[in-house]
Every structure is written in structure tokens, then in C-alpha cells.
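The structure file model_32.tsv is reproduced below (TSV, C-alpha atoms).
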```tsv
chain	number	residue	atom	x	y	z
A	233	MET	CA	-143.08	-27.26	62.00
A	234	GLN	CA	-143.76	-25.95	65.48
A	235	PHE	CA	-145.23	-28.06	68.25
A	236	GLN	CA	-146.88	-26.91	71.43
A	237	ILE	CA	-144.59	-26.37	74.40
A	238	SER	CA	-146.04	-26.25	77.91
A	239	GLU	CA	-146.22	-22.96	79.78
A	240	ARG	CA	-144.00	-24.55	82.38
A	241	MET	CA	-141.14	-24.79	79.91
A	242	THR	CA	-141.58	-21.37	78.32
A	243	LYS	CA	-141.17	-19.33	81.49
A	244	PRO	CA	-137.94	-17.34	81.82
A	245	ASP	CA	-135.30	-19.36	83.66
A	246	PHE	CA	-132.59	-17.03	84.88
A	247	GLN	CA	-130.73	-19.79	86.70
A	248	GLY	CA	-130.85	-22.07	83.65
A	249	GLU	CA	-129.55	-19.40	81.31
A	250	PHE	CA	-126.70	-18.69	83.69
A	251	VAL	CA	-125.79	-22.37	84.05
A	252	ASP	CA	-125.87	-22.85	80.27
A	253	ALA	CA	-123.46	-19.96	79.79
A	254	ILE	CA	-121.15	-21.38	82.48
A	255	LEU	CA	-121.10	-24.83	80.88
A	256	LYS	CA	-120.30	-23.43	77.46
A	257	CYS	CA	-117.37	-21.46	78.85
A	258	ALA	CA	-116.17	-24.38	80.95
A	259	ALA	CA	-115.98	-26.56	77.83
A	260	SER	CA	-112.97	-24.60	76.64
A	261	PRO	CA	-109.81	-26.65	77.29
A	262	ASP	CA	-107.81	-23.50	78.01
A	263	MET	CA	-110.23	-22.17	80.64
A	264	ILE	CA	-109.30	-22.30	84.33
A	265	SER	CA	-112.53	-23.05	86.15
A	266	PHE	CA	-113.53	-22.21	89.72
A	267	GLY	CA	-117.12	-22.28	88.52
A	268	GLY	CA	-118.35	-25.85	88.90
A	269	GLY	CA	-118.92	-28.14	91.85
A	270	LEU	CA	-117.01	-31.13	90.52
A	271	PRO	CA	-115.23	-33.63	92.75
A	272	ASN	CA	-111.56	-34.09	91.96
A	273	PRO	CA	-111.26	-37.11	89.62
A	274	ILE	CA	-108.02	-38.24	91.25
A	275	SER	CA	-110.24	-39.37	94.15
A	276	PHE	CA	-112.33	-41.74	92.03
A	277	PRO	CA	-111.87	-45.40	93.14
A	278	ILE	CA	-111.50	-46.77	89.61
A	279	ARG	CA	-109.67	-50.03	90.37
A	280	GLU	CA	-111.97	-50.82	93.30
A	281	MET	CA	-114.98	-50.21	91.06
A	282	GLU	CA	-113.56	-52.59	88.45
A	283	ASP	CA	-113.46	-55.31	91.11
A	284	ALA	CA	-116.99	-54.48	92.25
A	285	VAL	CA	-118.37	-54.66	88.70
A	286	ALA	CA	-116.76	-58.07	88.14
A	287	LYS	CA	-118.16	-59.45	91.42
A	288	VAL	CA	-121.69	-58.17	90.74
A	289	LEU	CA	-121.81	-59.65	87.26
A	290	GLU	CA	-120.32	-62.95	88.41
A	291	LYS	CA	-122.51	-63.43	91.48
A	292	ASN	CA	-125.73	-61.54	90.62
A	293	GLY	CA	-125.57	-60.73	86.93
A	294	VAL	CA	-129.20	-61.54	86.20
A	295	GLN	CA	-130.49	-59.39	89.07
A	296	ALA	CA	-128.16	-56.53	88.08
A	297	LEU	CA	-129.46	-56.50	84.51
A	298	GLN	CA	-133.16	-56.98	85.29
A	299	TYR	CA	-135.90	-54.55	86.35
A	300	SER	CA	-135.96	-53.85	90.09
A	301	THR	CA	-137.99	-52.24	92.86
A	302	THR	CA	-138.76	-48.53	93.08
A	303	ALA	CA	-137.35	-48.05	96.59
A	304	GLY	CA	-133.92	-49.30	95.55
A	305	TYR	CA	-131.45	-52.08	96.32
A	306	GLU	CA	-132.05	-53.17	99.92
A	307	PRO	CA	-128.39	-53.73	100.95
A	308	LEU	CA	-127.55	-50.20	99.77
A	309	ARG	CA	-130.52	-48.73	101.62
A	310	ALA	CA	-129.49	-50.60	104.77
A	311	TYR	CA	-125.95	-49.24	104.50
A	312	ILE	CA	-127.24	-45.67	104.21
A	313	ALA	CA	-129.65	-46.09	107.11
A	314	LYS	CA	-126.93	-47.44	109.41
A	315	ARG	CA	-124.61	-44.54	108.59
A	316	TYR	CA	-127.20	-42.00	109.77
A	317	ALA	CA	-126.39	-42.87	113.39
A	318	ARG	CA	-123.28	-40.67	112.99
A	319	ILE	CA	-125.43	-37.53	112.85
A	320	GLY	CA	-127.81	-38.46	115.64
A	321	VAL	CA	-130.55	-40.13	113.60
A	322	GLU	CA	-131.98	-43.63	113.81
A	323	ALA	CA	-133.13	-44.78	110.39
A	324	THR	CA	-134.21	-48.01	108.74
A	325	ALA	CA	-133.79	-49.30	105.20
A	326	ASP	CA	-137.56	-48.96	104.68
A	327	GLU	CA	-137.25	-45.19	105.20
A	328	ILE	CA	-134.73	-44.81	102.37
A	329	ILE	CA	-135.64	-44.20	98.71
A	330	ILE	CA	-132.76	-44.41	96.22
A	331	THR	CA	-132.98	-41.62	93.64
A	332	ASN	CA	-131.26	-40.66	90.41
A	333	GLY	CA	-128.98	-38.22	92.19
A	334	SER	CA	-130.27	-35.66	94.65
A	335	GLN	CA	-131.54	-33.64	91.70
A	336	GLN	CA	-134.38	-36.11	91.21
A	337	ALA	CA	-135.19	-35.90	94.91
A	338	LEU	CA	-135.82	-32.16	94.58
A	339	ASP	CA	-138.24	-32.80	91.74
A	340	MET	CA	-140.03	-35.51	93.71
A	341	PHE	CA	-140.67	-33.25	96.70
A	342	ALA	CA	-141.94	-30.42	94.51
A	343	ALA	CA	-144.22	-32.65	92.44
A	344	VAL	CA	-145.70	-34.46	95.43
A	345	MET	CA	-146.14	-31.51	97.80
A	346	LEU	CA	-146.80	-28.37	95.77
A	347	ASN	CA	-149.83	-26.79	94.12
A	348	PRO	CA	-149.39	-23.63	92.03
A	349	LYS	CA	-148.69	-20.53	94.17
A	350	ASP	CA	-148.05	-22.54	97.34
A	351	PRO	CA	-145.46	-20.82	99.55
A	352	ILE	CA	-142.06	-22.45	99.98
A	353	LEU	CA	-138.96	-21.24	101.81
A	354	LEU	CA	-135.29	-21.36	100.80
A	355	GLU	CA	-132.10	-19.91	102.21
A	356	ARG	CA	-130.82	-16.65	100.77
A	357	PRO	CA	-128.68	-17.48	98.80
A	358	SER	CA	-129.57	-21.06	97.88
A	359	TYR	CA	-128.58	-23.88	95.55
A	360	LEU	CA	-129.37	-22.62	92.04
A	361	ALA	CA	-130.56	-26.02	90.74
A	362	ALA	CA	-133.09	-26.17	93.57
A	363	LEU	CA	-134.43	-22.79	92.50
A	364	GLN	CA	-134.66	-24.09	88.93
A	365	THR	CA	-136.48	-27.26	89.91
A	366	PHE	CA	-138.97	-25.68	92.29
A	367	HIS	CA	-139.85	-22.91	89.82
A	368	LEU	CA	-141.16	-25.54	87.38
A	369	TYR	CA	-144.05	-26.12	89.80
A	370	ASP	CA	-144.96	-22.42	90.06
A	371	PRO	CA	-144.71	-21.91	93.83
A	372	THR	CA	-144.46	-18.60	95.66
A	373	VAL	CA	-140.81	-18.54	96.71
A	374	HIS	CA	-139.82	-16.89	99.97
A	375	THR	CA	-136.24	-16.68	101.22
A	376	VAL	CA	-134.61	-16.29	104.62
A	377	GLU	CA	-131.24	-14.67	105.24
A	378	LEU	CA	-128.24	-16.93	105.78
A	379	THR	CA	-125.70	-15.61	108.29
A	380	GLU	CA	-122.31	-16.95	109.40
A	381	GLN	CA	-124.16	-18.85	112.16
A	382	GLY	CA	-126.78	-20.29	109.81
A	383	VAL	CA	-130.33	-19.26	109.10
A	384	ASN	CA	-131.55	-15.95	110.59
A	385	CYS	CA	-133.91	-17.32	113.23
A	386	GLU	CA	-135.77	-14.05	113.83
A	387	GLU	CA	-136.63	-13.85	110.15
A	388	LEU	CA	-137.43	-17.58	110.11
A	389	ALA	CA	-139.87	-17.19	112.99
A	390	ASP	CA	-141.73	-14.40	111.19
A	391	ILE	CA	-141.99	-16.36	107.93
A	392	LEU	CA	-143.15	-19.56	109.61
A	393	GLN	CA	-145.88	-17.68	111.48
A	394	ASN	CA	-147.13	-15.41	108.71
A	395	VAL	CA	-146.34	-17.22	105.46
A	396	LYS	CA	-146.69	-20.85	106.60
A	397	PRO	CA	-144.51	-22.40	103.86
A	398	VAL	CA	-145.20	-25.95	102.73
A	399	PHE	CA	-141.53	-26.79	103.13
A	400	PHE	CA	-138.21	-25.17	103.99
A	401	TYR	CA	-135.33	-26.39	101.82
A	402	ALA	CA	-131.98	-25.98	103.59
A	403	ILE	CA	-128.35	-27.11	103.28
A	404	PRO	CA	-127.04	-26.83	106.87
A	405	ASN	CA	-123.57	-28.28	106.22
A	406	PHE	CA	-121.06	-26.44	103.99
A	407	GLN	CA	-123.92	-24.82	102.16
A	408	ASN	CA	-123.91	-24.39	98.40
A	409	PRO	CA	-123.02	-21.67	97.46
A	410	THR	CA	-121.61	-20.08	100.63
A	411	GLY	CA	-119.76	-22.98	102.26
A	412	LEU	CA	-121.30	-21.93	105.60
A	413	THR	CA	-122.44	-24.38	108.30
A	414	TYR	CA	-125.19	-23.91	110.89
A	415	THR	CA	-123.97	-23.72	114.47
A	416	VAL	CA	-125.44	-26.09	117.06
A	417	GLU	CA	-127.23	-23.16	118.71
A	418	THR	CA	-128.83	-22.14	115.40
A	419	ARG	CA	-129.90	-25.72	114.67
A	420	GLU	CA	-131.58	-26.03	118.05
A	421	LYS	CA	-133.32	-22.65	117.80
A	422	ALA	CA	-134.49	-23.22	114.22
A	423	ALA	CA	-135.73	-26.70	115.12
A	424	SER	CA	-137.70	-25.26	118.05
A	425	LEU	CA	-139.37	-22.77	115.71
A	426	LEU	CA	-140.17	-25.41	113.11
A	427	LYS	CA	-141.77	-27.66	115.73
A	428	LYS	CA	-144.43	-24.99	116.26
A	429	SER	CA	-145.33	-25.08	112.55
A	430	ASN	CA	-146.57	-27.55	109.95
A	431	THR	CA	-143.64	-26.78	107.66
A	432	LEU	CA	-141.53	-29.73	106.52
A	433	LEU	CA	-137.77	-29.23	106.62
A	434	ILE	CA	-136.00	-30.75	103.61
A	435	GLU	CA	-132.40	-31.12	104.73
A	436	ASP	CA	-130.01	-31.52	101.81
A	437	ASN	CA	-126.62	-32.84	102.93
A	438	PRO	CA	-124.36	-33.55	99.95
A	439	TYR	CA	-121.23	-32.14	101.62
A	440	GLY	CA	-121.55	-33.20	105.26
A	441	GLU	CA	-119.00	-36.01	104.95
A	442	LEU	CA	-116.41	-33.58	103.58
A	443	ARG	CA	-115.55	-31.92	106.91
A	444	PHE	CA	-111.79	-31.47	107.17
A	445	ARG	CA	-111.68	-29.15	110.19
A	446	GLY	CA	-113.75	-28.58	113.34
A	447	GLU	CA	-116.75	-30.54	114.56
A	448	GLY	CA	-120.21	-30.94	113.06
A	449	GLY	CA	-123.68	-30.86	114.59
A	450	TYR	CA	-126.64	-33.21	114.51
A	451	SER	CA	-128.99	-33.48	111.59
A	452	PHE	CA	-132.26	-31.56	111.95
A	453	ALA	CA	-133.95	-34.98	111.97
A	454	HIS	CA	-132.39	-35.52	115.40
A	455	TYR	CA	-134.57	-32.69	116.69
A	456	LEU	CA	-137.58	-32.88	114.36
A	457	GLY	CA	-138.16	-36.58	113.69
A	458	GLU	CA	-140.55	-37.10	110.79
A	459	GLN	CA	-140.90	-33.32	110.29
A	460	CYS	CA	-137.49	-33.49	108.61
A	461	CYS	CA	-136.77	-35.34	105.37
A	462	MET	CA	-133.10	-35.84	104.60
A	463	MET	CA	-131.45	-35.91	101.18
A	464	GLY	CA	-128.04	-37.39	100.47
A	465	THR	CA	-125.81	-38.43	97.60
A	466	PHE	CA	-122.72	-40.46	96.75
A	467	SER	CA	-121.81	-37.94	94.06
A	468	LYS	CA	-119.41	-36.02	96.28
A	469	THR	CA	-117.94	-39.02	98.10
A	470	VAL	CA	-117.64	-41.82	95.53
A	471	SER	CA	-118.82	-41.00	92.00
A	472	PRO	CA	-121.03	-38.28	90.49
A	473	GLY	CA	-121.42	-40.25	87.26
A	474	MET	CA	-123.25	-43.12	88.96
A	475	ARG	CA	-126.06	-40.69	89.87
A	476	ILE	CA	-126.91	-42.39	93.17
A	477	GLY	CA	-128.69	-40.22	95.72
A	478	TRP	CA	-131.42	-40.83	98.25
A	479	ILE	CA	-134.25	-39.52	100.38
A	480	CYS	CA	-134.71	-40.54	104.01
A	481	CYS	CA	-138.38	-39.96	104.86
A	482	LYS	CA	-139.79	-41.12	108.18
A	483	ASN	CA	-143.38	-40.08	107.45
A	484	LYS	CA	-144.97	-43.12	105.79
A	485	ALA	CA	-147.81	-41.26	104.06
A	486	LEU	CA	-145.38	-38.82	102.42
A	487	ARG	CA	-142.90	-41.60	101.65
A	488	ASP	CA	-145.60	-43.62	99.85
A	489	LYS	CA	-146.49	-40.63	97.67
A	490	LEU	CA	-142.84	-39.94	96.88
A	491	MET	CA	-142.43	-43.57	95.89
A	492	ALA	CA	-145.56	-43.50	93.73
A	493	PHE	CA	-144.32	-40.46	91.85
A	494	LYS	CA	-140.87	-41.94	91.33
A	495	GLN	CA	-142.43	-45.12	89.96
A	496	VAL	CA	-144.19	-43.05	87.32
A	497	MET	CA	-141.04	-41.04	86.57
A	498	ASP	CA	-138.50	-43.81	86.02
A	499	LEU	CA	-139.72	-47.04	87.68
A	500	HIS	CA	-136.44	-47.29	89.57
A	501	THR	CA	-132.89	-45.90	89.71
A	502	ASN	CA	-130.21	-47.79	87.75
A	503	ILE	CA	-130.06	-51.10	89.64
A	504	PHE	CA	-126.73	-52.13	88.12
A	505	CYS	CA	-125.02	-49.02	89.51
A	506	GLN	CA	-126.75	-49.51	92.85
A	507	MET	CA	-125.44	-53.06	93.14
A	508	VAL	CA	-121.94	-52.09	92.06
A	509	LEU	CA	-121.88	-49.26	94.60
A	510	ALA	CA	-123.16	-51.56	97.35
A	511	GLN	CA	-120.45	-54.09	96.51
A	512	TYR	CA	-117.80	-51.39	96.56
A	513	LEU	CA	-119.01	-50.19	99.98
A	514	ALA	CA	-119.03	-53.77	101.32
A	515	ASP	CA	-115.47	-54.42	100.17
A	516	ASN	CA	-113.89	-51.08	101.04
A	517	ASP	CA	-113.71	-48.68	103.97
A	518	LEU	CA	-115.58	-45.52	102.95
A	519	ASP	CA	-114.14	-43.62	105.92
A	520	GLU	CA	-110.60	-44.40	104.77
A	521	HIS	CA	-111.53	-43.24	101.27
A	522	MET	CA	-113.06	-40.06	102.68
A	523	GLU	CA	-109.92	-39.25	104.66
A	524	LYS	CA	-107.98	-39.06	101.40
A	525	ILE	CA	-110.59	-36.74	99.88
A	526	LYS	CA	-110.76	-34.51	102.95
A	527	ASN	CA	-106.97	-34.17	103.12
A	528	LEU	CA	-106.93	-33.28	99.43
A	529	TYR	CA	-109.71	-30.69	99.72
A	530	GLN	CA	-108.27	-29.13	102.85
A	531	HIS	CA	-104.98	-28.60	101.07
A	532	GLN	CA	-106.70	-27.15	98.00
A	533	ALA	CA	-108.84	-24.83	100.15
A	534	GLU	CA	-105.75	-23.59	101.99
A	535	VAL	CA	-103.91	-23.03	98.71
A	536	MET	CA	-106.86	-21.04	97.36
A	537	MET	CA	-107.20	-18.89	100.48
A	538	ALA	CA	-103.46	-18.16	100.44
A	539	ALA	CA	-103.72	-17.13	96.79
A	540	MET	CA	-106.70	-14.92	97.57
A	541	ASP	CA	-104.70	-13.16	100.26
A	542	LYS	CA	-101.83	-12.75	97.81
A	543	TYR	CA	-103.69	-11.49	94.74
A	544	LEU	CA	-107.09	-10.02	95.64
A	545	PRO	CA	-107.32	-6.31	96.45
A	546	ALA	CA	-108.20	-4.80	99.81
A	547	GLY	CA	-111.93	-4.73	100.42
A	548	THR	CA	-112.40	-8.29	99.19
A	549	SER	CA	-113.54	-10.77	101.85
A	550	TYR	CA	-114.34	-14.47	101.85
A	551	THR	CA	-115.67	-17.30	103.98
A	552	LYS	CA	-113.15	-19.72	105.49
A	553	PRO	CA	-114.58	-23.21	104.98
A	554	GLU	CA	-114.21	-26.10	107.40
A	555	GLY	CA	-115.25	-28.57	104.71
A	556	GLY	CA	-117.20	-28.93	101.52
A	557	MET	CA	-116.12	-27.57	98.14
A	558	PHE	CA	-116.76	-23.82	98.07
A	559	ILE	CA	-115.55	-20.41	99.17
A	560	TRP	CA	-117.99	-17.46	99.03
A	561	ALA	CA	-116.19	-14.26	98.16
A	562	THR	CA	-117.49	-10.69	98.47
A	563	MET	CA	-116.19	-8.02	96.13
A	564	PRO	CA	-115.19	-4.51	97.32
A	565	ASP	CA	-117.91	-1.86	97.64
A	566	GLY	CA	-119.36	-0.79	94.30
A	567	VAL	CA	-118.08	-3.82	92.39
A	568	LYS	CA	-120.61	-6.21	90.84
A	569	ALA	CA	-119.62	-9.87	90.72
A	570	VAL	CA	-121.18	-10.32	87.26
A	571	ASP	CA	-118.90	-7.62	85.86
A	572	VAL	CA	-115.88	-9.25	87.48
A	573	GLY	CA	-116.93	-12.63	86.11
A	574	ASN	CA	-117.29	-11.27	82.57
A	575	ALA	CA	-113.86	-9.67	82.76
A	576	ALA	CA	-112.31	-12.85	84.16
A	577	ILE	CA	-113.74	-15.01	81.36
A	578	LYS	CA	-111.97	-12.87	78.78
A	579	LYS	CA	-108.73	-13.57	80.62
A	580	GLY	CA	-109.29	-17.34	80.79
A	581	LEU	CA	-110.92	-17.81	84.21
A	582	LEU	CA	-114.46	-19.01	84.93
A	583	VAL	CA	-116.11	-17.98	88.21
A	584	VAL	CA	-119.79	-17.93	89.20
A	585	ALA	CA	-121.30	-14.60	90.21
A	586	GLY	CA	-123.74	-14.83	93.11
A	587	ASP	CA	-126.81	-13.60	91.20
A	588	PRO	CA	-128.31	-16.98	90.12
A	589	PHE	CA	-128.20	-18.26	93.71
A	590	TYR	CA	-130.76	-15.63	94.73
A	591	GLU	CA	-134.47	-15.57	94.04
A	592	LYS	CA	-134.60	-11.81	93.46
A	593	ASP	CA	-131.27	-10.11	94.25
A	594	ARG	CA	-129.32	-8.98	91.20
A	595	GLY	CA	-126.07	-7.07	90.76
A	596	VAL	CA	-124.71	-8.61	93.97
A	597	ARG	CA	-121.08	-8.38	95.12
A	598	THR	CA	-120.74	-12.07	95.96
A	599	MET	CA	-119.39	-15.00	93.97
A	600	ARG	CA	-118.88	-18.75	94.48
A	601	LEU	CA	-115.41	-20.21	94.07
A	602	ASN	CA	-114.81	-23.97	93.80
A	603	TYR	CA	-111.43	-25.32	94.94
A	604	SER	CA	-111.95	-29.08	94.72
A	605	ASN	CA	-111.18	-29.61	91.03
A	606	SER	CA	-108.14	-27.43	90.34
A	607	THR	CA	-104.39	-27.95	90.60
A	608	GLU	CA	-102.20	-25.69	92.71
A	609	ALA	CA	-100.86	-24.07	89.57
A	610	GLN	CA	-104.38	-23.42	88.27
A	611	ILE	CA	-105.46	-21.95	91.59
A	612	ASP	CA	-102.50	-19.58	91.68
A	613	ALA	CA	-102.92	-18.52	88.05
A	614	GLY	CA	-106.68	-18.19	88.40
A	615	MET	CA	-106.49	-16.02	91.50
A	616	LYS	CA	-104.01	-13.73	89.81
A	617	ILE	CA	-106.53	-13.29	86.98
A	618	LEU	CA	-109.37	-12.72	89.44
A	619	GLY	CA	-107.39	-10.04	91.24
A	620	GLU	CA	-106.73	-8.27	87.93
A	621	ALA	CA	-110.40	-8.45	86.97
A	622	ILE	CA	-111.53	-6.99	90.31
A	623	ARG	CA	-109.07	-4.12	90.06
A	624	GLU	CA	-110.32	-3.32	86.58
A	625	MET	CA	-113.87	-2.99	87.94
A	626	MET	CA	-112.66	-0.72	90.75
A	627	LYS	CA	-111.35	1.95	88.38
```
Would you put the structure from the file into C-alpha cells?
Amino acid sequence: MQFQISERMTKPDFQGEFVDAILKCAASPDMISFGGGLPNPISFPIREMEDAVAKVLEKNGVQALQYSTTAGYEPLRAYIAKRYARIGVEATADEIIITNGSQQALDMFAAVMLNPKDPILLERPSYLAALQTFHLYDPTVHTVELTEQGVNCEELADILQNVKPVFFYAIPNFQNPTGLTYTVETREKAASLLKKSNTLLIEDNPYGELRFRGEGGYSFAHYLGEQCCMMGTFSKTVSPGMRIGWICCKNKALRDKLMAFKQVMDLHTNIFCQMVLAQYLADNDLDEHMEKIKNLYQHQAEVMMAAMDKYLPAGTSYTKPEGGMFIWATMPDGVKAVDVGNAAIKKGLLVVAGDPFYEKDRGVRTMRLNYSNSTEAQIDAGMKILGEAIREMMK
């Protein structure tokens, strides 16, 4: 028996097909994977979480197991709001909406703000799951070049003036997939351009706390106020499995609509996990925890870059991250990353070609490499395989 499936779910999904193939390959226990974006499990605060769970159930068990409010657990929202002062933003608990990971936040913005064919703007390349999510709502997707300094402001100015996108989705800190970070000058110039438009900036910041070198800049909300909505998550700092993310929205009218849609979607995010996380944060120093993660990731990034220098052929280049979880590598002239990826899989290495991170570009020379969830031995062995695969494609 066949049942009707909506047009929305029968459209080709290039990003989804690519992700599905990656996950199937990654499931192999013998596969070395630079393909995901997984935090290193040795950083998970398991014992501290055990204590937090016990305290929540002992002190507030009924509240933790009961229905709750759509906005989320107030002590957790207050903690998030207070932490925003570090990136030049004053926020209140009322401006925070707890979401089921940042993935739900993407869906909320698209559902609340978009009509079919409305123009939206993303970086080129961009987060592939954002492309997947936004495409479900049938927008007209425009992209703006991402340079080593951040978004190309000349191109941004032209798009804002002539296209007038509903929103611009950006990841200014250790961007996924490139690992690049906007300079202060680029942030200020882009903010000045956005101020002259009615385009909302959706600033996704899952990696900002993972800086292990250099200095960061202010959030766009510092310059734009309510014209910038910020997204965040505890998935990269505490636990991805808890699925706790958030939206910080200073515009009350938009915030009310986001809340109304979330209420229809799921009523509220898992309150038990919210309370456990809030208890953990109250009892432990997140900054101390983050120092351990940053030291770990810096070491892994340095090991990966050293292995790239050792094994990859001349003509290969890569970004040098100051934080986050990714390196963006560019293959030699004439070499397609998809071909390299296919060759590497046969040798036991999973990498992600750059194609699914673009709206239109295909056959690109770029690929995303994740260093956060591999041992030194895996990094060395994996880079040796990658070097062999690239050389095969150069023949």
C-alpha cells in the first residue's frame, strides 16, 4: 500500500543523500573518520552529570518529570543570558528560547519567517544541515563568498541592495565547514551594511567557546541589536546527546512567533535534561571544563596539520584553525574532492568532500576534515591514506 507523501519530502535532497552515505560508511568499526563533527567523548563530564542527575531527582523530581514551559527552564536561560556579556551583548532570560539542539532553531526560523520563493542568504560554503532545513520551505537561496577575512562585503552589499533577503544565516566563528573566523574589520563593515537593510542576521555560534589561539571579536548582536538573532548550543561544550540549544531573540514580535511555533512542534524541550544541565553548570566551572577541551583540540589540530604537511602532496593547501573542530583542505589543481573521498573510503578513511556545503557548486576541490574525535594514531594513519588517495587522482 502506498500513501501520499508531501511534495516537500519528495524533492531531491543532495545534502541528505550525501549525509546518509557518510553515516553508513562511518558505521564501520574499521573506518578512520575525519568526516563527522563529533566532540571527543573523553571530554564528557560523566561523573559530574551523575551527581547532577541525583540532585535534580532528589530536590525537584516532580518538576523534572512533569510538563514544562515552552521557553525553557528559567535558571538555564538566565545562565545563558549572563554568559553573553563575554561577546559584547546584554541579554535577559526572557530573550532566550531553549531548543532541541540548534537544528530545531534552524527549522523554527524558516517556518516562522519564510514563504515559498522568498530570498534568503547563506555563506558560500555553508553548514550542510542548514541548507537541508531551509530547502524544506522552498526559498530562493542566494550565497555570498566566504574569504579568509569573513564574508565578502562587496558581494554582500550588492545582494542586500538588489535581492533583499529575508535573513542572512552566518557562522562567524570557526565556521562549519571552513573553520574560518570573521575579522573585527569584516564584522564592523558587514554590520554597517546590514543596518541599511531589513535583513535579519541569524548568527549561529556553536564553536565560539572552542577558541584555543588568538582573540575573538564581538557578536554581530553587539552592532545590530535586535536585527541579529543568536543561536547557541551545549552540544560542543558539554554534551551533544542532551540536545540542548537555544535562540536569543531581542525582537519581541519575532520571539513570540518563534515560541508559538515551537509550542506546536514539541510543547517544550526535554525539561529533565534542562534541569540536569543547569545543575551541572551551577556546581561546576564551565570555563575550567572548556580549558581541558580547548587544550585537547589544539593538540589534535596541530597533530593533524603536521600529518598533512608530512603526507599530502604539493599543491594541497589548508586553513589553519584558531579554534573549533575543522580544517578546510583544498586539493591540487584538477583534482576533485569527491573522487579523492571515494578513493579514501576504499582504503578505510572517511572524509567529506566540499560539494554538499554549497548550494550549486559541484566537483569542487575542497573538503572538510574533522580533528576533534580522532586519536593521534588515527590522524597519522588517516593522513597517510589521504595523501595516497590524492596522488592517485593526480595521475
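Residues with any atom within 9 Å of the point (-142.2, -20.9, 103.4), counting only C-alpha atoms, are Asp350, Pro351, Ile352, Leu353, Leu354, Thr372, Val373, His374, Thr375, Val376, Leu388, Ile391, Leu392, Val395, Lys396, Pro397, Val398, Phe399, Phe400, Tyr401 and Thr431 of chain A.
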Could those selected residues go to a file with C-alpha atoms, as a PDB file, in the coordinates of the input?
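This is the output file again-v6.pdb:
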```
ATOM      1  CA  ASP A 350    -148.050 -22.540  97.340  1.00  0.00           C
ATOM      2  CA  PRO A 351    -145.460 -20.820  99.550  1.00  0.00           C
ATOM      3  CA  ILE A 352    -142.060 -22.450  99.980  1.00  0.00           C
ATOM      4  CA  LEU A 353    -138.960 -21.240 101.810  1.00  0.00           C
ATOM      5  CA  LEU A 354    -135.290 -21.360 100.800  1.00  0.00           C
ATOM      6  CA  THR A 372    -144.460 -18.600  95.660  1.00  0.00           C
ATOM      7  CA  VAL A 373    -140.810 -18.540  96.710  1.00  0.00           C
ATOM      8  CA  HIS A 374    -139.820 -16.890  99.970  1.00  0.00           C
ATOM      9  CA  THR A 375    -136.240 -16.680 101.220  1.00  0.00           C
ATOM     10  CA  VAL A 376    -134.610 -16.290 104.620  1.00  0.00           C
ATOM     11  CA  LEU A 388    -137.430 -17.580 110.110  1.00  0.00           C
ATOM     12  CA  ILE A 391    -141.990 -16.360 107.930  1.00  0.00           C
ATOM     13  CA  LEU A 392    -143.150 -19.560 109.610  1.00  0.00           C
ATOM     14  CA  VAL A 395    -146.340 -17.220 105.460  1.00  0.00           C
ATOM     15  CA  LYS A 396    -146.690 -20.850 106.600  1.00  0.00           C
ATOM     16  CA  PRO A 397    -144.510 -22.400 103.860  1.00  0.00           C
ATOM     17  CA  VAL A 398    -145.200 -25.950 102.730  1.00  0.00           C
ATOM     18  CA  PHE A 399    -141.530 -26.790 103.130  1.00  0.00           C
ATOM     19  CA  PHE A 400    -138.210 -25.170 103.990  1.00  0.00           C
ATOM     20  CA  TYR A 401    -135.330 -26.390 101.820  1.00  0.00           C
ATOM     21  CA  THR A 431    -143.640 -26.780 107.660  1.00  0.00           C
TER      22      THR A 431
END
```
Polymer residues at most 6 Å from region 496-511 of chain A, all atoms listed in the file, same-chain spacing of 6 or more positions, as a ChimeraX atom specification: /A:284-285,296,302,308,331-332
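In this model, the gap between CA of Ile611 (chain A) and CA of Arg475 (chain A) comes to 27.9 Å.
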Two-atom distance - CA of Tyr450 (chain A), CA of Gly464 (chain A) (Å):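 Separation between CA of Tyr450 (chain A) and CA of Gly464 (chain A): 14.7 Å.
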Spatial sel., origin (-143.4, -38.0, 95.2), limit 7 Å, only C-alpha atoms, listed as a list in words: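 So the residues meeting the distance criterion are Met340, Phe341, Ala343, Val344, Lys489, Leu490, Met491, Ala492, Phe493 and Lys494 of chain A.
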Exercise: Ala342 (chain A) partners within 9 Å, all atoms listed in the file, chain neighbours under 5 positions left out, as a list in words: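 The residues satisfying every condition are Ala337, Asn347, Thr365, Phe366, Leu368, Tyr369 and Pro371 of chain A.
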Pick from A:Glu239, A:Glu306, A:Glu290, A:Glu520 nearest to Ser275 (chain A), counting all atoms listed in the file: A:Glu520
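All residues of protein, DNA or RNA that reach within 12 Å of Asn516 (chain A), judged by all atoms listed in the file and not counting those fewer than 6 positions away in the chain, are Pro277, Arg279, Glu280, Met281, Asp283, Ala284, Val470, Leu509, Ala510 and Met522 of chain A.
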Using the incomplete input, complete region 288-299 of chain A to the level of N, CA and C atoms; output as an mmCIF file, in the coordinates of the input.
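Okay, this is what ended up in result.cif:
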```
data_model
loop_
_atom_site.group_PDB
_atom_site.id
_atom_site.type_symbol
_atom_site.label_atom_id
_atom_site.label_comp_id
_atom_site.auth_asym_id
_atom_site.auth_seq_id
_atom_site.Cartn_x
_atom_site.Cartn_y
_atom_site.Cartn_z
ATOM 1 N N VAL A 288 -120.236 -58.266 90.933
ATOM 2 C CA VAL A 288 -121.690 -58.170 90.740
ATOM 3 C C VAL A 288 -122.128 -59.010 89.554
ATOM 4 N N LEU A 289 -121.426 -58.896 88.453
ATOM 5 C CA LEU A 289 -121.810 -59.650 87.260
ATOM 6 C C LEU A 289 -121.618 -61.157 87.446
ATOM 7 N N GLU A 290 -120.580 -61.527 88.186
ATOM 8 C CA GLU A 290 -120.320 -62.950 88.410
ATOM 9 C C GLU A 290 -121.337 -63.573 89.363
ATOM 10 N N LYS A 291 -121.650 -62.866 90.441
ATOM 11 C CA LYS A 291 -122.510 -63.430 91.480
ATOM 12 C C LYS A 291 -123.997 -63.156 91.240
ATOM 13 N N ASN A 292 -124.326 -61.950 90.724
ATOM 14 C CA ASN A 292 -125.730 -61.540 90.620
ATOM 15 C C ASN A 292 -126.020 -60.856 89.294
ATOM 16 N N GLY A 293 -125.440 -61.375 88.220
ATOM 17 C CA GLY A 293 -125.570 -60.730 86.930
ATOM 18 C C GLY A 293 -126.998 -60.578 86.457
ATOM 19 N N VAL A 294 -127.810 -61.603 86.652
ATOM 20 C CA VAL A 294 -129.200 -61.540 86.200
ATOM 21 C C VAL A 294 -129.957 -60.453 86.953
ATOM 22 N N GLN A 295 -129.810 -60.414 88.272
ATOM 23 C CA GLN A 295 -130.490 -59.390 89.070
ATOM 24 C C GLN A 295 -130.014 -57.989 88.682
ATOM 25 N N ALA A 296 -128.724 -57.842 88.405
ATOM 26 C CA ALA A 296 -128.160 -56.530 88.080
ATOM 27 C C ALA A 296 -128.653 -56.003 86.746
ATOM 28 N N LEU A 297 -129.045 -56.912 85.841
ATOM 29 C CA LEU A 297 -129.460 -56.500 84.510
ATOM 30 C C LEU A 297 -130.970 -56.537 84.309
ATOM 31 N N GLN A 298 -131.711 -56.854 85.366
ATOM 32 C CA GLN A 298 -133.160 -56.980 85.290
ATOM 33 C C GLN A 298 -133.837 -55.748 85.902
ATOM 34 N N TYR A 299 -135.135 -55.582 85.654
ATOM 35 C CA TYR A 299 -135.900 -54.550 86.350
ATOM 36 C C TYR A 299 -135.814 -54.791 87.858
#
```
